[in-house]
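Novice: What follows is model-v1.txt; its format and atoms are compact mmCIF, C-alpha atoms (C1' of nucleotides).
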```
# COMPACT_ATOMS: atom_id res chain seq x y z
CA MET A 1 9.17 -18.41 21.61
CA SER A 2 12.40 -16.54 22.15
CA ARG A 3 14.27 -19.85 22.12
CA GLN A 4 14.18 -19.78 18.34
CA PRO A 5 17.36 -18.96 16.45
CA THR A 6 17.92 -15.27 15.82
CA LYS A 7 17.57 -15.62 12.08
CA THR A 8 14.10 -17.08 12.51
CA ARG A 9 13.09 -14.45 15.01
CA ILE A 10 14.17 -11.71 12.60
CA ALA A 11 12.12 -13.19 9.79
CA GLU A 12 9.02 -13.71 11.91
CA THR A 13 9.12 -10.26 13.44
CA ALA A 14 9.78 -8.72 10.04
CA ASP A 15 6.76 -10.61 8.74
CA THR A 16 4.52 -9.08 11.38
CA LEU A 17 5.88 -5.56 11.08
CA PHE A 18 5.93 -5.58 7.28
CA TYR A 19 2.28 -6.54 7.46
CA GLN A 20 1.32 -3.95 10.03
CA ARG A 21 3.37 -1.00 8.77
CA GLY A 22 4.35 -1.90 5.24
CA TYR A 23 7.76 -2.98 3.99
CA ALA A 24 9.28 0.41 3.22
CA GLN A 25 7.93 1.96 6.40
CA THR A 26 9.45 -0.70 8.64
CA SER A 27 13.05 0.05 9.56
CA LEU A 28 15.59 -2.52 10.62
CA ALA A 29 15.81 -0.58 13.86
CA ASP A 30 12.11 -1.30 14.45
CA ILE A 31 12.68 -5.01 14.05
CA ALA A 32 15.88 -4.96 16.10
CA GLN A 33 14.15 -3.21 18.97
CA GLU A 34 11.26 -5.66 18.94
CA ILE A 35 13.47 -8.72 19.40
CA GLU A 36 16.18 -6.95 21.37
CA ILE A 37 19.18 -7.35 19.16
CA SER A 38 21.52 -4.68 17.86
CA ARG A 39 21.20 -3.21 14.40
CA GLY A 40 24.65 -4.51 13.54
CA ASN A 41 23.72 -8.08 14.35
CA PHE A 42 21.33 -8.06 11.44
CA TYR A 43 23.94 -8.38 8.81
CA TYR A 44 25.36 -11.52 10.23
CA HIS A 45 22.10 -13.25 9.34
CA PHE A 46 21.00 -11.37 6.22
CA LYS A 47 22.93 -9.50 3.56
CA SER A 48 20.33 -6.75 3.17
CA LYS A 49 16.81 -5.66 4.00
CA ASP A 50 15.67 -7.03 0.65
CA GLU A 51 17.00 -10.41 1.64
CA ILE A 52 14.82 -10.27 4.75
CA LEU A 53 11.87 -9.48 2.52
CA GLY A 54 12.73 -12.56 0.50
CA ALA A 55 12.70 -14.69 3.62
CA VAL A 56 9.39 -13.18 4.71
CA LEU A 57 7.77 -13.91 1.37
CA LYS A 58 9.09 -17.46 1.46
CA ASN A 59 7.59 -17.86 4.93
CA ARG A 60 4.24 -16.51 3.84
CA HIS A 61 4.25 -18.82 0.88
CA ALA A 62 4.94 -21.79 3.13
CA LYS A 63 2.31 -20.73 5.64
CA THR A 64 -0.23 -20.38 2.86
CA VAL A 65 0.52 -23.88 1.63
CA ALA A 66 0.14 -25.15 5.18
CA MET A 67 -3.14 -23.31 5.61
CA LEU A 68 -4.57 -24.81 2.44
CA GLU A 69 -3.50 -28.25 3.56
CA THR A 70 -5.33 -27.70 6.82
CA PHE A 71 -8.45 -26.61 4.95
CA GLN A 72 -8.10 -29.75 2.89
CA ALA A 73 -7.69 -31.99 5.93
CA GLU A 74 -10.44 -30.44 8.02
CA ASN A 75 -13.13 -30.45 5.36
CA ASP A 76 -14.54 -33.45 3.56
CA THR A 77 -16.19 -31.57 0.73
CA ALA A 78 -14.94 -29.05 -1.81
CA ALA A 79 -17.80 -26.78 -0.77
CA GLY A 80 -16.63 -26.89 2.83
CA ARG A 81 -13.08 -26.12 1.77
CA ILE A 82 -14.08 -23.05 -0.20
CA SER A 83 -16.23 -21.98 2.69
CA ALA A 84 -13.23 -22.30 5.00
CA PHE A 85 -11.31 -19.98 2.70
CA VAL A 86 -14.10 -17.41 2.72
CA HIS A 87 -14.23 -17.46 6.49
CA ILE A 88 -10.69 -16.19 6.79
CA LEU A 89 -12.42 -12.86 6.36
CA THR A 90 -14.36 -13.49 9.55
CA SER A 91 -11.76 -15.15 11.71
CA ASN A 92 -9.05 -12.67 10.75
CA GLN A 93 -11.40 -9.72 10.68
CA ALA A 94 -9.69 -7.62 13.33
CA ASN A 95 -6.34 -7.71 11.55
CA ILE A 96 -7.89 -7.16 8.14
CA MET A 97 -9.75 -4.08 9.32
CA GLN A 98 -6.52 -2.63 10.66
CA PHE A 99 -3.95 -3.72 8.12
CA GLY A 100 -5.79 -5.16 5.14
CA CYS A 101 -5.11 -8.52 3.52
CA PRO A 102 -1.52 -9.67 4.14
CA VAL A 103 -1.18 -10.83 0.55
CA GLY A 104 -3.03 -8.05 -1.21
CA THR A 105 -1.28 -5.23 0.59
CA ILE A 106 2.25 -6.49 0.02
CA CYS A 107 1.46 -7.09 -3.66
CA GLY A 108 0.19 -3.54 -3.93
CA GLU A 109 3.18 -2.04 -2.20
CA LEU A 110 5.79 -4.00 -4.14
CA GLY A 111 3.87 -3.39 -7.36
CA LYS A 112 3.99 0.37 -6.95
CA LEU A 113 7.70 0.22 -6.34
CA ALA A 114 8.32 -2.13 -9.24
CA HIS A 115 10.25 -4.14 -6.66
CA PRO A 116 12.06 -7.27 -7.89
CA ALA A 117 10.27 -9.37 -5.26
CA ARG A 118 6.93 -8.42 -6.78
CA ALA A 119 6.52 -11.72 -8.54
CA GLU A 120 7.17 -13.76 -5.40
CA ALA A 121 4.38 -11.89 -3.68
CA SER A 122 1.92 -12.49 -6.52
CA GLU A 123 2.88 -16.15 -6.42
CA ILE A 124 0.99 -16.43 -3.15
CA PHE A 125 -2.12 -15.20 -4.92
CA SER A 126 -1.52 -17.81 -7.61
CA LEU A 127 -1.32 -20.46 -4.93
CA LEU A 128 -4.73 -19.47 -3.59
CA SER A 129 -6.23 -19.14 -7.03
CA GLU A 130 -5.04 -22.55 -8.15
CA TRP A 131 -6.24 -24.22 -5.00
CA LEU A 132 -9.65 -22.60 -5.32
CA ALA A 133 -9.82 -23.68 -8.95
CA GLU A 134 -9.25 -27.28 -7.86
CA GLN A 135 -12.11 -27.01 -5.43
CA PHE A 136 -14.48 -25.57 -8.01
CA ALA A 137 -13.48 -28.28 -10.44
CA ALA A 138 -14.19 -30.88 -7.77
CA LEU A 139 -17.61 -29.29 -7.31
CA GLY A 140 -18.30 -30.00 -10.96
CA TYR A 141 -17.52 -26.57 -12.43
CA VAL A 142 -14.70 -27.91 -14.53
CA ALA A 143 -14.90 -25.55 -17.49
CA THR A 144 -15.13 -22.36 -15.44
CA ALA A 145 -13.07 -23.42 -12.44
CA ASP A 146 -10.21 -20.97 -13.11
CA ASP A 147 -12.53 -18.03 -13.64
CA LEU A 148 -14.61 -18.86 -10.60
CA ALA A 149 -11.45 -19.05 -8.52
CA MET A 150 -10.20 -15.66 -9.68
CA HIS A 151 -13.66 -14.24 -9.21
CA LEU A 152 -13.89 -15.39 -5.62
CA LEU A 153 -10.36 -14.22 -4.89
CA ALA A 154 -11.20 -10.80 -6.28
CA ARG A 155 -14.36 -10.54 -4.22
CA SER A 156 -12.47 -11.48 -1.08
CA GLN A 157 -9.86 -8.84 -1.83
CA GLY A 158 -12.48 -6.20 -2.39
CA ILE A 159 -14.10 -6.99 0.93
CA ALA A 160 -10.74 -6.73 2.66
CA THR A 161 -10.00 -3.37 1.03
CA LEU A 162 -13.29 -1.81 2.04
CA ALA A 163 -13.14 -3.39 5.48
CA GLN A 164 -9.91 -1.53 6.07
CA ALA A 165 -11.20 1.72 4.59
CA PHE A 166 -14.55 1.79 6.39
CA GLN A 167 -13.70 -0.11 9.56
CA ASP A 168 -17.11 -1.67 9.50
CA PRO A 169 -17.45 -5.20 10.90
CA GLU A 170 -21.09 -5.36 9.79
CA PHE A 171 -20.12 -4.84 6.19
CA VAL A 172 -17.76 -7.78 6.40
CA ALA A 173 -20.42 -9.98 7.99
CA LYS A 174 -22.96 -9.06 5.30
CA GLU A 175 -20.57 -9.67 2.46
CA VAL A 176 -19.44 -13.01 3.85
CA ALA A 177 -23.08 -14.01 4.02
CA VAL A 178 -23.55 -12.92 0.41
CA LEU A 179 -20.53 -14.98 -0.60
CA GLU A 180 -21.90 -17.99 1.26
CA ARG A 181 -25.15 -17.71 -0.65
CA TRP A 182 -23.25 -17.34 -3.91
CA LEU A 183 -21.33 -20.50 -3.10
CA THR A 184 -24.53 -22.55 -3.14
CA ASN A 185 -24.74 -21.82 -6.86
CA PRO A 186 -21.57 -20.10 -8.05
CA THR A 187 -22.00 -18.35 -11.38
CA LEU A 188 -20.11 -15.73 -13.30
CA MET B 189 0.36 23.50 -18.42
CA SER B 190 3.34 25.05 -16.72
CA ARG B 191 1.57 28.42 -16.67
CA GLN B 192 -0.31 27.33 -13.58
CA PRO B 193 0.68 28.76 -10.21
CA THR B 194 3.41 26.87 -8.42
CA LYS B 195 1.15 25.82 -5.56
CA THR B 196 -1.17 24.13 -8.04
CA ARG B 197 1.67 22.47 -9.88
CA ILE B 198 3.01 21.07 -6.63
CA ALA B 199 -0.36 19.61 -5.70
CA GLU B 200 -0.97 18.10 -9.14
CA THR B 201 2.48 16.57 -9.42
CA ALA B 202 2.25 15.28 -5.87
CA ASP B 203 -1.09 13.72 -6.78
CA THR B 204 0.48 11.82 -9.66
CA LEU B 205 3.58 10.72 -7.79
CA PHE B 206 1.71 9.74 -4.62
CA TYR B 207 -0.44 7.56 -6.83
CA GLN B 208 2.43 6.00 -8.74
CA ARG B 209 4.92 5.51 -5.90
CA GLY B 210 2.88 5.86 -2.73
CA TYR B 211 2.84 8.75 -0.30
CA ALA B 212 5.69 7.75 1.99
CA GLN B 213 7.88 6.67 -0.90
CA THR B 214 7.59 9.97 -2.72
CA SER B 215 10.08 12.52 -1.48
CA LEU B 216 9.69 16.25 -1.77
CA ALA B 217 12.87 16.16 -3.81
CA ASP B 218 11.08 13.90 -6.33
CA ILE B 219 8.27 16.41 -6.73
CA ALA B 220 10.64 19.38 -6.83
CA GLN B 221 12.69 17.77 -9.56
CA GLU B 222 9.61 17.00 -11.64
CA ILE B 223 8.40 20.59 -11.77
CA GLU B 224 11.83 22.15 -11.58
CA ILE B 225 11.66 24.11 -8.39
CA SER B 226 14.04 24.02 -5.44
CA ARG B 227 13.34 22.00 -2.34
CA GLY B 228 13.31 25.17 -0.27
CA ASN B 229 10.58 26.75 -2.37
CA PHE B 230 8.19 24.12 -1.13
CA TYR B 231 7.73 25.62 2.25
CA TYR B 232 6.58 28.93 0.91
CA HIS B 233 3.49 27.17 -0.42
CA PHE B 234 2.95 24.40 2.13
CA LYS B 235 3.88 24.07 5.78
CA SER B 236 4.71 20.39 5.55
CA LYS B 237 4.51 17.27 3.43
CA ASP B 238 1.35 16.30 5.28
CA GLU B 239 -0.22 19.56 4.19
CA ILE B 240 0.53 18.65 0.60
CA LEU B 241 -1.19 15.32 1.18
CA GLY B 242 -4.19 17.24 2.46
CA ALA B 243 -4.29 19.29 -0.73
CA VAL B 244 -3.97 16.16 -2.86
CA LEU B 245 -6.84 14.44 -1.07
CA LYS B 246 -8.98 17.56 -1.45
CA ASN B 247 -8.19 17.56 -5.18
CA ARG B 248 -9.07 13.92 -5.56
CA HIS B 249 -12.29 14.48 -3.70
CA ALA B 250 -13.20 17.33 -6.04
CA LYS B 251 -12.23 15.37 -9.12
CA THR B 252 -14.37 12.47 -7.96
CA VAL B 253 -17.35 14.76 -7.50
CA ALA B 254 -16.75 16.15 -10.98
CA MET B 255 -16.48 12.67 -12.45
CA LEU B 256 -19.76 11.60 -10.91
CA GLU B 257 -21.43 14.72 -12.23
CA THR B 258 -20.15 13.85 -15.68
CA PHE B 259 -21.53 10.32 -15.35
CA GLN B 260 -24.79 11.86 -14.32
CA ALA B 261 -24.88 14.29 -17.24
CA GLU B 262 -23.79 11.86 -19.91
CA ASN B 263 -26.23 9.08 -19.04
CA ASP B 264 -29.98 9.24 -19.01
CA THR B 265 -30.61 6.13 -16.95
CA ALA B 266 -29.38 4.98 -13.58
CA ALA B 267 -28.32 1.74 -15.24
CA GLY B 268 -26.17 3.66 -17.68
CA ARG B 269 -24.61 5.65 -14.85
CA ILE B 270 -23.65 2.58 -12.89
CA SER B 271 -22.29 1.07 -16.06
CA ALA B 272 -20.16 4.17 -16.60
CA PHE B 273 -18.72 3.69 -13.12
CA VAL B 274 -17.89 0.05 -13.82
CA HIS B 275 -16.14 0.98 -17.03
CA ILE B 276 -13.55 3.06 -15.22
CA LEU B 277 -11.91 -0.34 -14.82
CA THR B 278 -11.64 -0.62 -18.58
CA SER B 279 -10.77 2.93 -19.56
CA ASN B 280 -8.23 3.31 -16.77
CA GLN B 281 -6.95 -0.24 -17.07
CA ALA B 282 -3.34 0.58 -17.88
CA ASN B 283 -2.89 2.73 -14.78
CA ILE B 284 -4.77 0.31 -12.56
CA MET B 285 -2.61 -2.60 -13.64
CA GLN B 286 0.51 -0.62 -12.77
CA PHE B 287 -0.53 1.31 -9.70
CA GLY B 288 -3.86 -0.06 -8.52
CA CYS B 289 -6.93 2.00 -7.74
CA PRO B 290 -6.03 5.59 -6.79
CA VAL B 291 -8.55 5.57 -3.95
CA GLY B 292 -8.04 2.07 -2.67
CA THR B 293 -4.27 2.23 -2.53
CA ILE B 294 -4.06 5.54 -0.67
CA CYS B 295 -6.66 4.29 1.83
CA GLY B 296 -4.59 1.19 2.35
CA GLU B 297 -1.35 3.06 2.82
CA LEU B 298 -2.75 5.68 5.17
CA GLY B 299 -4.64 3.01 7.06
CA LYS B 300 -1.51 1.01 7.80
CA LEU B 301 0.22 4.11 9.07
CA ALA B 302 -2.78 5.19 11.14
CA HIS B 303 -2.23 8.52 9.42
CA PRO B 304 -4.49 11.42 10.48
CA ALA B 305 -5.56 11.96 6.86
CA ARG B 306 -6.96 8.44 6.75
CA ALA B 307 -10.53 9.60 7.13
CA GLU B 308 -10.28 12.10 4.30
CA ALA B 309 -9.15 9.33 1.99
CA SER B 310 -12.02 7.03 3.00
CA GLU B 311 -14.38 9.93 2.41
CA ILE B 312 -13.78 9.52 -1.31
CA PHE B 313 -14.98 5.94 -1.04
CA SER B 314 -18.06 7.20 0.79
CA LEU B 315 -18.70 9.61 -2.04
CA LEU B 316 -18.68 6.77 -4.56
CA SER B 317 -20.73 4.49 -2.34
CA GLU B 318 -23.40 7.10 -1.73
CA TRP B 319 -23.66 8.00 -5.38
CA LEU B 320 -23.96 4.34 -6.36
CA ALA B 321 -26.65 3.87 -3.71
CA GLU B 322 -28.64 6.71 -5.28
CA GLN B 323 -28.41 4.99 -8.62
CA PHE B 324 -29.55 1.65 -7.26
CA ALA B 325 -32.42 3.35 -5.48
CA ALA B 326 -33.39 5.02 -8.74
CA LEU B 327 -33.36 1.60 -10.36
CA GLY B 328 -35.95 0.50 -7.86
CA TYR B 329 -33.72 -1.28 -5.36
CA VAL B 330 -34.63 1.11 -2.58
CA ALA B 331 -34.34 -1.21 0.39
CA THR B 332 -30.99 -2.69 -0.55
CA ALA B 333 -29.46 0.32 -2.32
CA ASP B 334 -26.74 0.90 0.27
CA ASP B 335 -25.72 -2.73 0.37
CA LEU B 336 -25.72 -3.04 -3.40
CA ALA B 337 -23.54 0.05 -3.63
CA MET B 338 -20.98 -1.27 -1.15
CA HIS B 339 -21.09 -4.63 -2.85
CA LEU B 340 -20.32 -3.17 -6.26
CA LEU B 341 -17.61 -0.94 -4.82
CA ALA B 342 -15.99 -3.97 -3.17
CA ARG B 343 -16.10 -5.98 -6.36
CA SER B 344 -14.49 -3.16 -8.30
CA GLN B 345 -11.76 -2.89 -5.69
CA GLY B 346 -11.09 -6.59 -5.82
CA ILE B 347 -10.74 -6.48 -9.56
CA ALA B 348 -8.30 -3.59 -9.29
CA THR B 349 -6.20 -5.40 -6.69
CA LEU B 350 -5.88 -8.59 -8.72
CA ALA B 351 -5.35 -6.64 -11.93
CA GLN B 352 -2.28 -5.07 -10.34
CA ALA B 353 -1.05 -8.35 -8.88
CA PHE B 354 -1.50 -10.49 -11.98
CA GLN B 355 -1.07 -7.88 -14.72
CA ASP B 356 -3.71 -9.64 -16.75
CA PRO B 357 -5.89 -7.47 -19.03
CA GLU B 358 -8.05 -10.46 -19.91
CA PHE B 359 -9.01 -10.98 -16.31
CA VAL B 360 -10.19 -7.38 -16.10
CA ALA B 361 -12.21 -7.72 -19.30
CA LYS B 362 -13.85 -10.93 -18.08
CA GLU B 363 -14.74 -9.49 -14.71
CA VAL B 364 -16.15 -6.31 -16.20
CA ALA B 365 -18.35 -8.48 -18.40
CA VAL B 366 -19.45 -10.43 -15.33
CA LEU B 367 -20.30 -7.19 -13.55
CA GLU B 368 -22.27 -5.99 -16.57
CA ARG B 369 -24.31 -9.15 -16.50
CA TRP B 370 -24.85 -8.79 -12.77
CA LEU B 371 -26.11 -5.25 -13.33
CA THR B 372 -28.99 -6.54 -15.41
CA ASN B 373 -30.35 -8.11 -12.23
CA PRO B 374 -28.29 -7.00 -9.24
CA THR B 375 -28.74 -9.24 -6.22
CA LEU B 376 -26.89 -9.82 -3.00
C1' DG C 377 27.08 -14.55 17.20
C1' DT C 378 26.63 -10.31 19.05
C1' DC C 379 28.11 -5.97 20.07
C1' DT C 380 29.64 -0.72 19.42
C1' DA C 381 31.04 2.66 16.47
C1' DT C 382 30.85 4.66 12.23
C1' DA C 383 30.37 5.60 7.18
C1' DT C 384 27.25 7.38 3.86
C1' DG C 385 23.20 8.90 1.95
C1' DG C 386 18.57 10.70 1.97
C1' DG C 387 14.61 12.48 4.25
C1' DG C 388 11.87 16.78 5.98
C1' DA C 389 12.38 21.21 7.44
C1' DT C 390 14.46 26.11 8.44
C1' DA C 391 17.19 30.62 7.69
C1' DG C 392 18.18 34.10 5.14
C1' DA C 393 19.94 36.17 0.63
C1' DC C 394 18.08 37.73 -3.70
C1' DG D 395 8.39 33.82 -4.83
C1' DT D 396 12.36 31.49 -5.44
C1' DC D 397 16.81 30.31 -4.41
C1' DT D 398 21.15 28.28 -1.75
C1' DA D 399 22.95 26.60 2.27
C1' DT D 400 22.40 24.11 6.15
C1' DC D 401 20.50 21.55 10.28
C1' DC D 402 19.13 17.40 12.19
C1' DC D 403 17.42 12.95 12.17
C1' DC D 404 16.99 8.43 10.61
C1' DA D 405 17.79 5.01 7.11
C1' DT D 406 20.83 1.00 5.34
C1' DA D 407 25.03 -0.90 5.61
C1' DT D 408 30.06 -1.83 7.07
C1' DA D 409 34.30 -2.55 10.20
C1' DG D 410 36.15 -4.54 13.66
C1' DA D 411 36.30 -5.56 18.84
C1' DC D 412 34.60 -9.02 22.03
```
What would the structure in this file look like if it were written as structure tokens?
Specialist:
Amino acid sequence: MSRQPTKTRIAETADTLFYQRGYAQTSLADIAQEIEISRGNFYYHFKSKDEILGAVLKNRHAKTVAMLETFQAENDTAAGRISAFVHILTSNQANIMQFGCPVGTICGELGKLAHPARAEASEIFSLLSEWLAEQFAALGYVATADDLAMHLLARSQGIATLAQAFQDPEFVAKEVAVLERWLTNPTL
Amino acid sequence: MSRQPTKTRIAETADTLFYQRGYAQTSLADIAQEIEISRGNFYYHFKSKDEILGAVLKNRHAKTVAMLETFQAENDTAAGRISAFVHILTSNQANIMQFGCPVGTICGELGKLAHPARAEASEIFSLLSEWLAEQFAALGYVATADDLAMHLLARSQGIATLAQAFQDPEFVAKEVAVLERWLTNPTL
DNA sequence: GTCTATATGGGGATAGAC
DNA sequence: GTCTATCCCCATATAGAC
């Protein structure tokens, strides 16, 4: 783990802390302490904190692509693939209840600040939306695939938001079940 | 407008700026500049920034109660009341696309920071959820009223999150239409 | 590549004059 | 009630030794 190059360790730790505390609320000192480097060392690897954010977003993008490829590989049917997506809410429940959705929360934060990296963050949502649309199209919902994808994405986001606000695992379980039922006959 | 007492003006301006920029990212200097008082004057009216946050959350709570009472007064049927709630997404669309939902985003921010005022923020969600549950019960969905309420709240939140991320008014319009259709026969 | 030391600015908060 | 002046801490970022 700690045999990785420093630049990588910075980006990975920043990823975690940005998720848990938010971008603005995470100081370089926090990251430096976590991986036991000096604050000065930072600027050998990155020009600025914003550049670290860029690297983090690039990482999350790549990890999202990889995740979708795994869903693709591990499920024979489009229905199974969509279901795998929905079940992120279950498998990642503990984190979501504490810190919200990693994509949704960074988009919200960067959006409020009108941060230049805003668009890169939303791109990850686009990635998910487009992949979901492909699955719905494969299921036969060709005409409404895009809308169904956005609809499901929105519902997942809403569940994540309320999960964090109410800290209620039962709510998540119920809503995932509702989504599963909806998936048997997805309509708008 | 500016004839209000300073303490009130601080709380109202803080409310706006906390919404637009986030709590942590709004400095007391920002607020002071907006209403043209000195930074020092602050501490005559509030002991700390956190105390201002407390006042803001109390205000939002009260405004939410008032809003629900208006919905109640202006609509004869439970269906109409729920519909009024849904249409916040339309009437407040411009703000939501820029800054997200005022309740959802503060809950998210305070949640990440494990801030003491977390619970007060979630309370506003509870307010909405309980009111919606009453409406669903009045519609005849007594057994599932609570779940329907949380479900609708989650869907609204999801729409707000994606509206901010994608900046797409059409998406909001489509999803509001979908919600309206769902309301004619709300199921889980 | 990594460190220490430091520059510079901004944050919340306090003291005390008016 | 409001102001100015100031304290202290922590933030990002830089300079330069090792």
Novice: I'd like the interatomic distance between CA of Gly108 in chain A and CA of Phe287 in chain B, to a tenth of an Å.
Specialist: 7.6 Å
Novice: Counting only C-alpha atoms (C1' of nucleotides), which residues sit no farther than 12 Å from the position (23.8, 25.3, 12.0) in the file's frame? I'd like them as a ChimeraX atom specification.
Specialist: /C:390-391 /D:399-402
Novice: Residues within 10 Å of Ala250 in chain B, please, as a PyMOL selection string. Count all atoms listed in the file; anything in the same chain fewer than 6 positions from it doesn't count.
Specialist: chain B and resi 244+256+312
Novice: Determine, counting only C-alpha atoms (C1' of nucleotides), which protein, DNA and RNA residues have an atom within 12 Å of an atom of DA393 in chain C; residues of the same chain fewer than 4 positions away are not included. Present the result as a list in words.
Specialist: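 Residues near the query, excluding close chain neighbours: DT396, DC397, DT398 and DA399 of chain D.
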Novice: What's the separation between CA of Thr332 in chain B and CA of Gln281 in chain B, in Å to one decimal place?
Specialist: 29.3 Å
Novice: In Å, with one decimal, what is the gap from CA of Gly268 in chain B to CA of Asp203 in chain B?
Specialist: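 These two atoms are separated by 29.1 Å.
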Novice: Would you give me, as a ChimeraX atom specification, the residues of chain A that come within 12 Å of chain C, using only C-alpha atoms (C1' of nucleotides)?
Specialist: /A:5-7,36-45
Novice: Which residues are close to range 112-119 of chain A, i.e. within 9 Å by all atoms listed in the file, leaving aside same-chain residues fewer than 5 positions away? Reply as a PyMOL selection string.
Specialist: (chain A and resi 50+53-54+57+106-107) or (chain B and resi 207-210+213+286-288+352-354)
Novice: The selected residues should be written to file as a PDB file, in the frame of the given file (atoms: C-alpha atoms).
Specialist:
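Everything below was put into result01.pdb:
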```pdb
ATOM      1  CA  ASP A  50      15.670  -7.030   0.650  1.00  0.00           C
ATOM      2  CA  LEU A  53      11.870  -9.480   2.520  1.00  0.00           C
ATOM      3  CA  GLY A  54      12.730 -12.560   0.500  1.00  0.00           C
ATOM      4  CA  LEU A  57       7.770 -13.910   1.370  1.00  0.00           C
ATOM      5  CA  ILE A 106       2.250  -6.490   0.020  1.00  0.00           C
ATOM      6  CA  CYS A 107       1.460  -7.090  -3.660  1.00  0.00           C
TER       7      CYS A 107
ATOM      8  CA  TYR B 207      -0.440   7.560  -6.830  1.00  0.00           C
ATOM      9  CA  GLN B 208       2.430   6.000  -8.740  1.00  0.00           C
ATOM     10  CA  ARG B 209       4.920   5.510  -5.900  1.00  0.00           C
ATOM     11  CA  GLY B 210       2.880   5.860  -2.730  1.00  0.00           C
ATOM     12  CA  GLN B 213       7.880   6.670  -0.900  1.00  0.00           C
ATOM     13  CA  GLN B 286       0.510  -0.620 -12.770  1.00  0.00           C
ATOM     14  CA  PHE B 287      -0.530   1.310  -9.700  1.00  0.00           C
ATOM     15  CA  GLY B 288      -3.860  -0.060  -8.520  1.00  0.00           C
ATOM     16  CA  GLN B 352      -2.280  -5.070 -10.340  1.00  0.00           C
ATOM     17  CA  ALA B 353      -1.050  -8.350  -8.880  1.00  0.00           C
ATOM     18  CA  PHE B 354      -1.500 -10.490 -11.980  1.00  0.00           C
TER      19      PHE B 354
END
```
Novice: Taking all atoms listed in the file into account, which of A:Ala163, A:Leu28, A:Ala133, A:Leu188 comes nearest DT406 in chain D?
Specialist: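 Nearest to DT406 in chain D: A:Leu28.
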Novice: Using only C-alpha atoms (C1' of nucleotides), which chain D residues lie at most 12 Å away from chain A, written as a compact mmCIF listing (two decimals) with C-alpha atoms (C1' of nucleotides), in the coordinates of the input?
Specialist:
```
# COMPACT_ATOMS: atom_id res chain seq x y z
C1' DC D 404 16.99 8.43 10.61
C1' DA D 405 17.79 5.01 7.11
C1' DT D 406 20.83 1.00 5.34
C1' DA D 407 25.03 -0.90 5.61
C1' DT D 408 30.06 -1.83 7.07
C1' DA D 409 34.30 -2.55 10.20
C1' DG D 410 36.15 -4.54 13.66
```
